[in-house]
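Asks: Got entry_6.pdb for you, PDB, C-alpha atoms and all ligand atoms:
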ATOM      1  CA  MET A   1      23.991 185.106 -60.890  1.00  0.00           C
ATOM      2  CA  ALA A   2      23.294 184.052 -57.304  1.00  0.00           C
ATOM      3  CA  ASP A   3      25.959 184.991 -54.784  1.00  0.00           C
ATOM      4  CA  PHE A   4      28.626 182.348 -54.281  1.00  0.00           C
ATOM      5  CA  THR A   5      28.784 180.753 -50.874  1.00  0.00           C
ATOM      6  CA  HIS A   6      30.549 177.581 -49.740  1.00  0.00           C
ATOM      7  CA  ARG A   7      30.557 176.123 -46.242  1.00  0.00           C
ATOM      8  CA  THR A   8      33.397 174.095 -44.720  1.00  0.00           C
ATOM      9  CA  GLU A   9      33.590 172.630 -41.219  1.00  0.00           C
ATOM     10  CA  ARG A  10      34.465 175.962 -39.558  1.00  0.00           C
ATOM     11  CA  LEU A  11      34.344 178.538 -42.356  1.00  0.00           C
ATOM     12  CA  VAL A  12      32.213 180.148 -45.025  1.00  0.00           C
ATOM     13  CA  LEU A  13      33.863 181.175 -48.309  1.00  0.00           C
ATOM     14  CA  ARG A  14      31.626 183.658 -50.028  1.00  0.00           C
ATOM     15  CA  ASP A  15      31.289 186.645 -52.339  1.00  0.00           C
ATOM     16  CA  TRP A  16      32.278 189.975 -50.853  1.00  0.00           C
ATOM     17  CA  ARG A  17      29.704 192.290 -49.290  1.00  0.00           C
ATOM     18  CA  ASP A  18      30.192 196.060 -48.889  1.00  0.00           C
ATOM     19  CA  GLU A  19      30.329 195.740 -45.110  1.00  0.00           C
ATOM     20  CA  ASP A  20      33.223 193.216 -45.268  1.00  0.00           C
ATOM     21  CA  TRP A  21      35.865 195.681 -46.396  1.00  0.00           C
ATOM     22  CA  GLU A  22      36.220 197.715 -43.208  1.00  0.00           C
ATOM     23  CA  PRO A  23      36.892 194.713 -40.928  1.00  0.00           C
ATOM     24  CA  PHE A  24      38.944 192.984 -43.631  1.00  0.00           C
ATOM     25  CA  TRP A  25      41.358 195.888 -43.946  1.00  0.00           C
ATOM     26  CA  ARG A  26      41.372 196.693 -40.205  1.00  0.00           C
ATOM     27  CA  HIS A  27      42.584 193.171 -39.455  1.00  0.00           C
ATOM     28  CA  THR A  28      44.764 192.391 -42.473  1.00  0.00           C
ATOM     29  CA  ASN A  29      46.367 195.673 -43.494  1.00  0.00           C
ATOM     30  CA  THR A  30      49.064 195.201 -40.862  1.00  0.00           C
ATOM     31  CA  PRO A  31      52.860 194.999 -41.160  1.00  0.00           C
ATOM     32  CA  ALA A  32      52.872 191.262 -40.337  1.00  0.00           C
ATOM     33  CA  VAL A  33      50.152 190.240 -42.796  1.00  0.00           C
ATOM     34  CA  MET A  34      51.489 192.526 -45.535  1.00  0.00           C
ATOM     35  CA  ARG A  35      55.158 191.627 -44.912  1.00  0.00           C
ATOM     36  CA  TRP A  36      55.544 189.833 -48.262  1.00  0.00           C
ATOM     37  CA  LEU A  37      52.788 191.706 -50.081  1.00  0.00           C
ATOM     38  CA  GLY A  38      54.419 195.083 -50.569  1.00  0.00           C
ATOM     39  CA  GLY A  39      53.761 196.415 -47.057  1.00  0.00           C
ATOM     40  CA  VAL A  40      50.786 198.188 -45.526  1.00  0.00           C
ATOM     41  CA  LEU A  41      48.552 199.757 -48.187  1.00  0.00           C
ATOM     42  CA  GLY A  42      47.302 203.324 -48.357  1.00  0.00           C
ATOM     43  CA  GLU A  43      43.714 204.223 -49.228  1.00  0.00           C
ATOM     44  CA  GLN A  44      44.302 204.037 -52.987  1.00  0.00           C
ATOM     45  CA  GLY A  45      45.947 200.645 -52.744  1.00  0.00           C
ATOM     46  CA  MET A  46      43.041 199.251 -50.731  1.00  0.00           C
ATOM     47  CA  VAL A  47      40.457 200.569 -53.184  1.00  0.00           C
ATOM     48  CA  ALA A  48      42.410 199.147 -56.133  1.00  0.00           C
ATOM     49  CA  ALA A  49      42.710 195.748 -54.418  1.00  0.00           C
ATOM     50  CA  GLN A  50      38.969 195.648 -53.702  1.00  0.00           C
ATOM     51  CA  GLU A  51      38.248 196.521 -57.317  1.00  0.00           C
ATOM     52  CA  ARG A  52      40.483 193.705 -58.520  1.00  0.00           C
ATOM     53  CA  LEU A  53      38.815 191.156 -56.229  1.00  0.00           C
ATOM     54  CA  LEU A  54      35.347 192.191 -57.452  1.00  0.00           C
ATOM     55  CA  SER A  55      36.467 192.169 -61.099  1.00  0.00           C
ATOM     56  CA  TYR A  56      37.598 188.522 -60.816  1.00  0.00           C
ATOM     57  CA  THR A  57      34.059 187.548 -59.765  1.00  0.00           C
ATOM     58  CA  ARG A  58      32.566 189.517 -62.661  1.00  0.00           C
ATOM     59  CA  ASP A  59      35.014 188.089 -65.199  1.00  0.00           C
ATOM     60  CA  HIS A  60      35.350 184.481 -64.040  1.00  0.00           C
ATOM     61  CA  GLY A  61      32.663 183.733 -61.419  1.00  0.00           C
ATOM     62  CA  HIS A  62      35.292 183.156 -58.750  1.00  0.00           C
ATOM     63  CA  THR A  63      37.713 185.289 -56.770  1.00  0.00           C
ATOM     64  CA  PHE A  64      39.741 185.280 -53.590  1.00  0.00           C
ATOM     65  CA  TRP A  65      36.517 185.035 -51.587  1.00  0.00           C
ATOM     66  CA  ALA A  66      35.832 186.545 -48.186  1.00  0.00           C
ATOM     67  CA  VAL A  67      36.510 183.959 -45.469  1.00  0.00           C
ATOM     68  CA  GLU A  68      34.046 184.207 -42.626  1.00  0.00           C
ATOM     69  CA  ARG A  69      34.259 182.155 -39.428  1.00  0.00           C
ATOM     70  CA  ALA A  70      30.980 180.240 -39.228  1.00  0.00           C
ATOM     71  CA  ASP A  71      30.747 180.417 -35.426  1.00  0.00           C
ATOM     72  CA  ASP A  72      30.712 184.163 -34.991  1.00  0.00           C
ATOM     73  CA  GLY A  73      30.634 185.700 -38.484  1.00  0.00           C
ATOM     74  CA  GLU A  74      34.099 187.286 -38.103  1.00  0.00           C
ATOM     75  CA  ILE A  75      35.876 188.078 -41.373  1.00  0.00           C
ATOM     76  CA  LEU A  76      39.203 186.223 -41.138  1.00  0.00           C
ATOM     77  CA  GLY A  77      40.595 187.251 -44.520  1.00  0.00           C
ATOM     78  CA  PHE A  78      40.365 185.827 -48.002  1.00  0.00           C
ATOM     79  CA  CYS A  79      41.036 182.581 -49.817  1.00  0.00           C
ATOM     80  CA  GLY A  80      40.012 181.359 -53.213  1.00  0.00           C
ATOM     81  CA  LEU A  81      40.645 181.276 -56.915  1.00  0.00           C
ATOM     82  CA  LYS A  82      41.598 183.739 -59.598  1.00  0.00           C
ATOM     83  CA  ARG A  83      43.247 183.517 -62.988  1.00  0.00           C
ATOM     84  CA  CYS A  84      46.947 184.276 -62.780  1.00  0.00           C
ATOM     85  CA  ASN A  85      47.439 187.836 -64.015  1.00  0.00           C
ATOM     86  CA  GLN A  86      50.940 188.628 -62.817  1.00  0.00           C
ATOM     87  CA  LYS A  87      53.249 189.916 -65.532  1.00  0.00           C
ATOM     88  CA  GLY A  88      55.817 187.249 -66.421  1.00  0.00           C
ATOM     89  CA  GLY A  89      53.809 184.521 -64.671  1.00  0.00           C
ATOM     90  CA  PRO A  90      51.674 181.645 -65.973  1.00  0.00           C
ATOM     91  CA  ILE A  91      48.971 184.076 -67.113  1.00  0.00           C
ATOM     92  CA  GLY A  92      45.471 182.644 -67.318  1.00  0.00           C
ATOM     93  CA  MET A  93      46.137 179.551 -65.214  1.00  0.00           C
ATOM     94  CA  MET A  94      43.849 178.902 -62.252  1.00  0.00           C
ATOM     95  CA  GLU A  95      45.561 180.275 -59.153  1.00  0.00           C
ATOM     96  CA  VAL A  96      44.767 179.626 -55.507  1.00  0.00           C
ATOM     97  CA  GLY A  97      45.611 182.316 -52.939  1.00  0.00           C
ATOM     98  CA  TRP A  98      45.138 183.230 -49.270  1.00  0.00           C
ATOM     99  CA  ARG A  99      45.536 186.027 -46.748  1.00  0.00           C
ATOM    100  CA  LEU A 100      44.351 185.698 -43.161  1.00  0.00           C
ATOM    101  CA  ARG A 101      44.442 188.086 -40.215  1.00  0.00           C
ATOM    102  CA  GLU A 102      47.223 187.407 -37.705  1.00  0.00           C
ATOM    103  CA  ASP A 103      44.996 186.215 -34.877  1.00  0.00           C
ATOM    104  CA  ALA A 104      43.652 183.490 -37.207  1.00  0.00           C
ATOM    105  CA  TRP A 105      47.076 182.018 -38.030  1.00  0.00           C
ATOM    106  CA  GLY A 106      48.184 178.655 -36.647  1.00  0.00           C
ATOM    107  CA  LYS A 107      44.680 177.218 -36.351  1.00  0.00           C
ATOM    108  CA  GLY A 108      44.459 175.389 -39.648  1.00  0.00           C
ATOM    109  CA  TYR A 109      41.943 177.857 -41.101  1.00  0.00           C
ATOM    110  CA  ALA A 110      44.126 178.640 -44.110  1.00  0.00           C
ATOM    111  CA  LYS A 111      44.528 174.962 -44.933  1.00  0.00           C
ATOM    112  CA  GLU A 112      40.807 174.338 -44.499  1.00  0.00           C
ATOM    113  CA  ALA A 113      39.926 177.235 -46.824  1.00  0.00           C
ATOM    114  CA  ALA A 114      42.617 176.247 -49.334  1.00  0.00           C
ATOM    115  CA  ILE A 115      41.434 172.630 -49.497  1.00  0.00           C
ATOM    116  CA  ALA A 116      37.898 173.870 -50.169  1.00  0.00           C
ATOM    117  CA  SER A 117      39.215 176.216 -52.871  1.00  0.00           C
ATOM    118  CA  LEU A 118      41.188 173.453 -54.603  1.00  0.00           C
ATOM    119  CA  ASP A 119      38.182 171.125 -54.428  1.00  0.00           C
ATOM    120  CA  LEU A 120      36.079 173.852 -56.046  1.00  0.00           C
ATOM    121  CA  ALA A 121      38.715 174.533 -58.704  1.00  0.00           C
ATOM    122  CA  PHE A 122      38.538 170.951 -59.918  1.00  0.00           C
ATOM    123  CA  SER A 123      34.882 170.130 -59.230  1.00  0.00           C
ATOM    124  CA  ARG A 124      33.073 173.336 -60.056  1.00  0.00           C
ATOM    125  CA  PHE A 125      35.353 175.623 -62.048  1.00  0.00           C
ATOM    126  CA  ASP A 126      36.742 173.016 -64.389  1.00  0.00           C
ATOM    127  CA  ALA A 127      40.457 173.486 -63.741  1.00  0.00           C
ATOM    128  CA  ASP A 128      42.953 170.888 -64.931  1.00  0.00           C
ATOM    129  CA  GLU A 129      45.760 172.324 -62.845  1.00  0.00           C
ATOM    130  CA  VAL A 130      46.034 174.997 -60.150  1.00  0.00           C
ATOM    131  CA  VAL A 131      49.103 177.116 -59.412  1.00  0.00           C
ATOM    132  CA  ALA A 132      50.127 179.124 -56.361  1.00  0.00           C
ATOM    133  CA  LEU A 133      52.705 181.923 -56.303  1.00  0.00           C
ATOM    134  CA  THR A 134      54.832 183.417 -53.574  1.00  0.00           C
ATOM    135  CA  VAL A 135      58.375 184.539 -52.745  1.00  0.00           C
ATOM    136  CA  ASN A 136      61.081 182.477 -51.035  1.00  0.00           C
ATOM    137  CA  GLY A 137      60.887 184.541 -47.854  1.00  0.00           C
ATOM    138  CA  ASN A 138      57.191 183.792 -47.357  1.00  0.00           C
ATOM    139  CA  THR A 139      57.694 180.474 -45.609  1.00  0.00           C
ATOM    140  CA  GLY A 140      54.135 180.548 -44.208  1.00  0.00           C
ATOM    141  CA  SER A 141      52.706 180.609 -47.704  1.00  0.00           C
ATOM    142  CA  TRP A 142      54.934 178.041 -49.433  1.00  0.00           C
ATOM    143  CA  GLY A 143      54.730 175.868 -46.320  1.00  0.00           C
ATOM    144  CA  LEU A 144      50.979 175.749 -46.843  1.00  0.00           C
ATOM    145  CA  MET A 145      51.474 174.922 -50.535  1.00  0.00           C
ATOM    146  CA  GLU A 146      53.606 171.958 -49.494  1.00  0.00           C
ATOM    147  CA  ARG A 147      51.100 170.807 -46.831  1.00  0.00           C
ATOM    148  CA  LEU A 148      48.458 170.858 -49.556  1.00  0.00           C
ATOM    149  CA  GLY A 149      50.545 168.478 -51.658  1.00  0.00           C
ATOM    150  CA  MET A 150      51.402 171.091 -54.285  1.00  0.00           C
ATOM    151  CA  ARG A 151      54.643 170.552 -56.163  1.00  0.00           C
ATOM    152  CA  ARG A 152      57.417 173.088 -56.698  1.00  0.00           C
ATOM    153  CA  ARG A 153      57.484 174.202 -60.342  1.00  0.00           C
ATOM    154  CA  LYS A 154      60.835 175.863 -60.926  1.00  0.00           C
ATOM    155  CA  ASP A 155      60.087 175.813 -64.640  1.00  0.00           C
ATOM    156  CA  LEU A 156      57.300 178.367 -64.020  1.00  0.00           C
ATOM    157  CA  ASP A 157      59.288 180.716 -61.727  1.00  0.00           C
ATOM    158  CA  PHE A 158      59.654 184.259 -62.980  1.00  0.00           C
ATOM    159  CA  GLU A 159      61.291 187.551 -62.089  1.00  0.00           C
ATOM    160  CA  ASP A 160      59.227 190.184 -60.303  1.00  0.00           C
ATOM    161  CA  ALA A 161      60.688 192.594 -57.766  1.00  0.00           C
ATOM    162  CA  THR A 162      57.288 193.878 -56.594  1.00  0.00           C
ATOM    163  CA  TRP A 163      57.180 191.812 -53.395  1.00  0.00           C
ATOM    164  CA  ASP A 164      60.794 191.227 -52.422  1.00  0.00           C
ATOM    165  CA  THR A 165      63.395 193.555 -53.909  1.00  0.00           C
ATOM    166  CA  GLU A 166      66.263 191.540 -52.390  1.00  0.00           C
ATOM    167  CA  ASP A 167      65.125 188.246 -53.900  1.00  0.00           C
ATOM    168  CA  PRO A 168      63.043 189.289 -56.897  1.00  0.00           C
ATOM    169  CA  VAL A 169      61.843 185.830 -57.913  1.00  0.00           C
ATOM    170  CA  MET A 170      58.269 184.595 -57.786  1.00  0.00           C
ATOM    171  CA  ILE A 171      58.282 180.915 -56.962  1.00  0.00           C
ATOM    172  CA  VAL A 172      55.512 178.723 -58.304  1.00  0.00           C
ATOM    173  CA  TYR A 173      53.852 175.546 -57.048  1.00  0.00           C
ATOM    174  CA  SER A 174      51.109 173.553 -58.765  1.00  0.00           C
ATOM    175  CA  ILE A 175      48.878 170.535 -58.471  1.00  0.00           C
ATOM    176  CA  ASP A 176      46.891 168.850 -61.218  1.00  0.00           C
ATOM    177  CA  ARG A 177      43.508 167.191 -61.060  1.00  0.00           C
ATOM    178  CA  ALA A 178      44.864 163.625 -60.930  1.00  0.00           C
ATOM    179  CA  ASP A 179      47.197 164.345 -58.028  1.00  0.00           C
ATOM    180  CA  TRP A 180      44.524 166.289 -56.153  1.00  0.00           C
ATOM    181  CA  GLU A 181      41.966 163.535 -56.565  1.00  0.00           C
ATOM    182  CA  ALA A 182      44.497 160.891 -55.560  1.00  0.00           C
ATOM    183  CA  SER A 183      45.345 162.741 -52.349  1.00  0.00           C
ATOM    184  CA  HIS A 184      42.022 164.376 -51.448  1.00  0.00           C
ATOM    185  CA  GLY A 185      39.365 162.657 -53.550  1.00  0.00           C
TER     186      GLY A 185
HETATM  187  C1  LIG A 201      50.029 182.086 -45.433  1.00  0.00           C
HETATM  188  C2  LIG A 201      49.019 182.002 -44.298  1.00  0.00           C
HETATM  189  C3  LIG A 201      47.605 182.092 -44.848  1.00  0.00           C
HETATM  190  C4  LIG A 201      49.238 180.649 -43.586  1.00  0.00           C
HETATM  191  O1  LIG A 201      48.391 180.569 -42.456  1.00  0.00           O
HETATM  192  P1  LIG A 201      48.580 179.419 -41.342  1.00  0.00           P
HETATM  193  O2  LIG A 201      47.609 179.685 -40.278  1.00  0.00           O
HETATM  194  O3  LIG A 201      50.018 179.340 -40.986  1.00  0.00           O
HETATM  195  O4  LIG A 201      48.239 178.096 -42.179  1.00  0.00           O
HETATM  196  P2  LIG A 201      47.438 176.759 -41.780  1.00  0.00           P
HETATM  197  O5  LIG A 201      45.991 176.926 -41.870  1.00  0.00           O
HETATM  198  O6  LIG A 201      47.995 175.706 -42.663  1.00  0.00           O
HETATM  199  O7  LIG A 201      47.796 176.497 -40.288  1.00  0.00           O
HETATM  200  C5  LIG A 201      49.010 175.943 -40.019  1.00  0.00           C
HETATM  201  C6  LIG A 201      49.250 175.613 -38.570  1.00  0.00           C
HETATM  202  O8  LIG A 201      48.104 175.586 -37.734  1.00  0.00           O
HETATM  203  C7  LIG A 201      48.223 174.460 -36.843  1.00  0.00           C
HETATM  204  N1  LIG A 201      46.886 174.116 -36.336  1.00  0.00           N
HETATM  205  C8  LIG A 201      46.417 174.495 -35.132  1.00  0.00           C
HETATM  206  N2  LIG A 201      45.172 174.066 -34.957  1.00  0.00           N
HETATM  207  C9  LIG A 201      44.818 173.397 -36.069  1.00  0.00           C
HETATM  208  C10 LIG A 201      43.626 172.720 -36.489  1.00  0.00           C
HETATM  209  N3  LIG A 201      42.523 172.677 -35.721  1.00  0.00           N
HETATM  210  N4  LIG A 201      43.612 172.159 -37.712  1.00  0.00           N
HETATM  211  C11 LIG A 201      44.691 172.198 -38.500  1.00  0.00           C
HETATM  212  N5  LIG A 201      45.843 172.824 -38.158  1.00  0.00           N
HETATM  213  C12 LIG A 201      45.908 173.428 -36.953  1.00  0.00           C
HETATM  214  C13 LIG A 201      48.889 173.406 -37.711  1.00  0.00           C
HETATM  215  O9  LIG A 201      49.575 172.483 -36.916  1.00  0.00           O
HETATM  216  C14 LIG A 201      49.829 174.224 -38.546  1.00  0.00           C
HETATM  217  O10 LIG A 201      51.069 174.379 -37.915  1.00  0.00           O
HETATM  218  P3  LIG A 201      52.372 173.778 -38.581  1.00  0.00           P
HETATM  219  O11 LIG A 201      52.548 174.508 -39.872  1.00  0.00           O
HETATM  220  O12 LIG A 201      53.426 174.108 -37.585  1.00  0.00           O
HETATM  221  O13 LIG A 201      52.088 172.333 -38.757  1.00  0.00           O
HETATM  222  C15 LIG A 201      49.242 183.160 -43.287  1.00  0.00           C
HETATM  223  O14 LIG A 201      50.559 183.094 -42.802  1.00  0.00           O
HETATM  224  C16 LIG A 201      49.008 184.548 -43.892  1.00  0.00           C
HETATM  225  O15 LIG A 201      47.868 185.004 -44.020  1.00  0.00           O
HETATM  226  N6  LIG A 201      50.097 185.256 -44.242  1.00  0.00           N
HETATM  227  C17 LIG A 201      50.007 186.641 -44.686  1.00  0.00           C
HETATM  228  C18 LIG A 201      49.426 186.827 -46.069  1.00  0.00           C
HETATM  229  C19 LIG A 201      50.257 186.155 -47.135  1.00  0.00           C
HETATM  230  O16 LIG A 201      51.480 186.281 -47.155  1.00  0.00           O
HETATM  231  N7  LIG A 201      49.578 185.441 -48.026  1.00  0.00           N
HETATM  232  C20 LIG A 201      50.230 184.687 -49.066  1.00  0.00           C
HETATM  233  C21 LIG A 201      50.675 185.510 -50.184  1.00  0.00           C
HETATM  234  S1  LIG A 201      51.568 184.534 -51.386  1.00  0.00           S
END
Would it be possible to restate this file's structure as structure tokens?
Replies:
Amino acid sequence: MADFTHRTERLVLRDWRDEDWEPFWRHTNTPAVMRWLGGVLGEQGMVAAQERLLSYTRDHGHTFWAVERADDGEILGFCGLKRCNQKGGPIGMMEVGWRLREDAWGKGYAKEAAIASLDLAFSRFDADEVVALTVNGNTGSWGLMERLGMRRRKDLDFEDATWDTEDPVMIVYSIDRADWEASHG
């Protein structure tokens, strides 16, 4: 299968290349970026995460793609689509996710990449509904879900202490095809 690549106004979402991992981890494996993701990873954690991202492409044809800035080719982080695989969660549902390096926050890159990912979910990967998961403390992430027009789905929340031991609840948002097309079509 040809490598996936998708261009937005300022970004390229694409399949991972071997040379992406070093800059990706250098810029994103920081206390601020990993604050709600279990903290800074060791070598084993990074290798396991890479393996998971590559396995989503092999299994489903989409993943949390590398996000490259079109202007200068810098790797800003990832954004894209996987199938929810978190124990207790809405397993198998299309899930949108994001992680950008700190110096790329506050510029609308995450929203731009997320809009492209949701468009692709409905237009190319045949989703009927897309979920997004986070924890209450991660205001940056659920704030983005709300700016995207996703709706809070308390009925899909589930317990998982992996990311926030003090508030061990994964909160879920979703948007379906009709609502996405009405707001972004
Ligand atoms: C979650 C995350 C991706 C959000 O990134 P972000 O940069 O805050 O999100 P956006 O792209 O929506 O940018 C938002 C801000 O950029 C501002 N902005 C600046 N220039 C802009 C432009 N040209 N276009 C659009 N927005 C712009 C917007 O006003 C907005 O600010 P506001 O929220 O005060 O209105 C980021 O915080 C992150 O990577 N966190 C760490 C990893 C993580 O926790 N991931 C989620 C796990 S569940």
Asks: Could you produce a table of the residues of chain A lying within 9 Å of ligand LIG 201 (chain A), with the nearest pair of atoms per residue and their separation in Å rounded to one decimal, using all atoms listed in the file, ordered by chain and increasing residue number, as a tab-separated table?
Replies:
residue	atom	partner	partner_atom	distance
A:Thr28	CA	A:LIG201	C17	8.1
A:Ala32	CA	A:LIG201	C17	7.0
A:Val33	CA	A:LIG201	C17	4.1
A:Met34	CA	A:LIG201	C18	6.1
A:Arg35	CA	A:LIG201	O16	6.9
A:Trp36	CA	A:LIG201	O16	5.5
A:Leu37	CA	A:LIG201	O16	6.3
A:Gly77	CA	A:LIG201	O15	7.6
A:Phe78	CA	A:LIG201	O15	8.5
A:Cys79	CA	A:LIG201	C3	8.3
A:Gly97	CA	A:LIG201	C20	6.5
A:Trp98	CA	A:LIG201	N7	5.1
A:Arg99	CA	A:LIG201	O15	3.7
A:Leu100	CA	A:LIG201	O15	3.7
A:Arg101	CA	A:LIG201	O15	6.0
A:Glu102	CA	A:LIG201	O15	6.8
A:Asp103	CA	A:LIG201	O2	8.9
A:Ala104	CA	A:LIG201	O2	6.3
A:Trp105	CA	A:LIG201	O2	3.3
A:Gly106	CA	A:LIG201	O8	3.3
A:Lys107	CA	A:LIG201	C8	3.5
A:Gly108	CA	A:LIG201	O5	3.1
A:Tyr109	CA	A:LIG201	O5	4.2
A:Ala110	CA	A:LIG201	O5	3.4
A:Lys111	CA	A:LIG201	O5	3.9
A:Glu112	CA	A:LIG201	O5	6.4
A:Ala113	CA	A:LIG201	O5	7.8
A:Ala114	CA	A:LIG201	O5	8.2
A:Ala132	CA	A:LIG201	S1	7.5
A:Leu133	CA	A:LIG201	S1	5.7
A:Thr134	CA	A:LIG201	S1	4.1
A:Val135	CA	A:LIG201	S1	6.9
A:Asn138	CA	A:LIG201	O16	6.2
A:Thr139	CA	A:LIG201	C1	7.8
A:Gly140	CA	A:LIG201	C1	4.6
A:Ser141	CA	A:LIG201	C1	3.8
A:Trp142	CA	A:LIG201	C1	7.5
A:Gly143	CA	A:LIG201	O11	6.9
A:Leu144	CA	A:LIG201	O6	5.1
A:Met145	CA	A:LIG201	O6	8.6
A:Arg147	CA	A:LIG201	O6	7.1
A:Leu148	CA	A:LIG201	O6	8.4
Asks: Kindly export the residues of the current selection with C-alpha atoms, as a compact mmCIF listing (two decimals), in the frame of the given file.
Replies:
# COMPACT_ATOMS: atom_id res chain seq x y z
CA THR A 28 44.76 192.39 -42.47
CA ALA A 32 52.87 191.26 -40.34
CA VAL A 33 50.15 190.24 -42.80
CA MET A 34 51.49 192.53 -45.54
CA ARG A 35 55.16 191.63 -44.91
CA TRP A 36 55.54 189.83 -48.26
CA LEU A 37 52.79 191.71 -50.08
CA GLY A 77 40.60 187.25 -44.52
CA PHE A 78 40.36 185.83 -48.00
CA CYS A 79 41.04 182.58 -49.82
CA GLY A 97 45.61 182.32 -52.94
CA TRP A 98 45.14 183.23 -49.27
CA ARG A 99 45.54 186.03 -46.75
CA LEU A 100 44.35 185.70 -43.16
CA ARG A 101 44.44 188.09 -40.22
CA GLU A 102 47.22 187.41 -37.70
CA ASP A 103 45.00 186.22 -34.88
CA ALA A 104 43.65 183.49 -37.21
CA TRP A 105 47.08 182.02 -38.03
CA GLY A 106 48.18 178.66 -36.65
CA LYS A 107 44.68 177.22 -36.35
CA GLY A 108 44.46 175.39 -39.65
CA TYR A 109 41.94 177.86 -41.10
CA ALA A 110 44.13 178.64 -44.11
CA LYS A 111 44.53 174.96 -44.93
CA GLU A 112 40.81 174.34 -44.50
CA ALA A 113 39.93 177.24 -46.82
CA ALA A 114 42.62 176.25 -49.33
CA ALA A 132 50.13 179.12 -56.36
CA LEU A 133 52.70 181.92 -56.30
CA THR A 134 54.83 183.42 -53.57
CA VAL A 135 58.38 184.54 -52.74
CA ASN A 138 57.19 183.79 -47.36
CA THR A 139 57.69 180.47 -45.61
CA GLY A 140 54.14 180.55 -44.21
CA SER A 141 52.71 180.61 -47.70
CA TRP A 142 54.93 178.04 -49.43
CA GLY A 143 54.73 175.87 -46.32
CA LEU A 144 50.98 175.75 -46.84
CA MET A 145 51.47 174.92 -50.54
CA ARG A 147 51.10 170.81 -46.83
CA LEU A 148 48.46 170.86 -49.56
Asks: Assuming the chain letters and numbering stay as they are in my file, what does the PyMOL selection byres (((chain A and resi 81) around 7) and not hetatm) actually select? List them as a list in words.
Replies: His62, Thr63, Phe64, Gly80, Lys82, Arg83, Met94, Glu95, Val96, Gly97 and Ser117 of chain A
Asks: Excluding Met93 of chain A and residues on its chain fewer than 5 positions from it, collect all residues at most 8 Å away from it, counting only C-alpha atoms, and give them as a list of chain:residue names.
Replies: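 Once the nearby chain positions are removed, what remains is A:Arg83, A:Cys84, A:Glu129, A:Val130, A:Val131.
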Asks: As a check of understanding, name the residues that the PyMOL selection byres (((chain A and resi 176) around 12) and not hetatm) selects in the supplied structure, as a PyMOL selection string.
Replies: chain A and resi 93-95+118-119+121-122+126-132+148-151+153+173-175+177-184
Asks: Which of these residues is nearest to Arg17 of chain A, using only C-alpha atoms: A:Pro31, A:Leu41, A:Glu68, A:Glu146?
Replies: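 That would be A:Glu68, the residue with the smallest distance to Arg17 of chain A.
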Asks: Box for segment 142-155 of chain A: with edges along x, y and z, all listed atoms inside and 5 Å added on each side, what are the centre and edge lengths in Å to one decimal, as lines of an AutoDock Vina configuration file?
Replies:
center_x = 54.6
center_y = 173.3
center_z = -55.5
size_x = 22.4
size_y = 19.6
size_z = 28.3
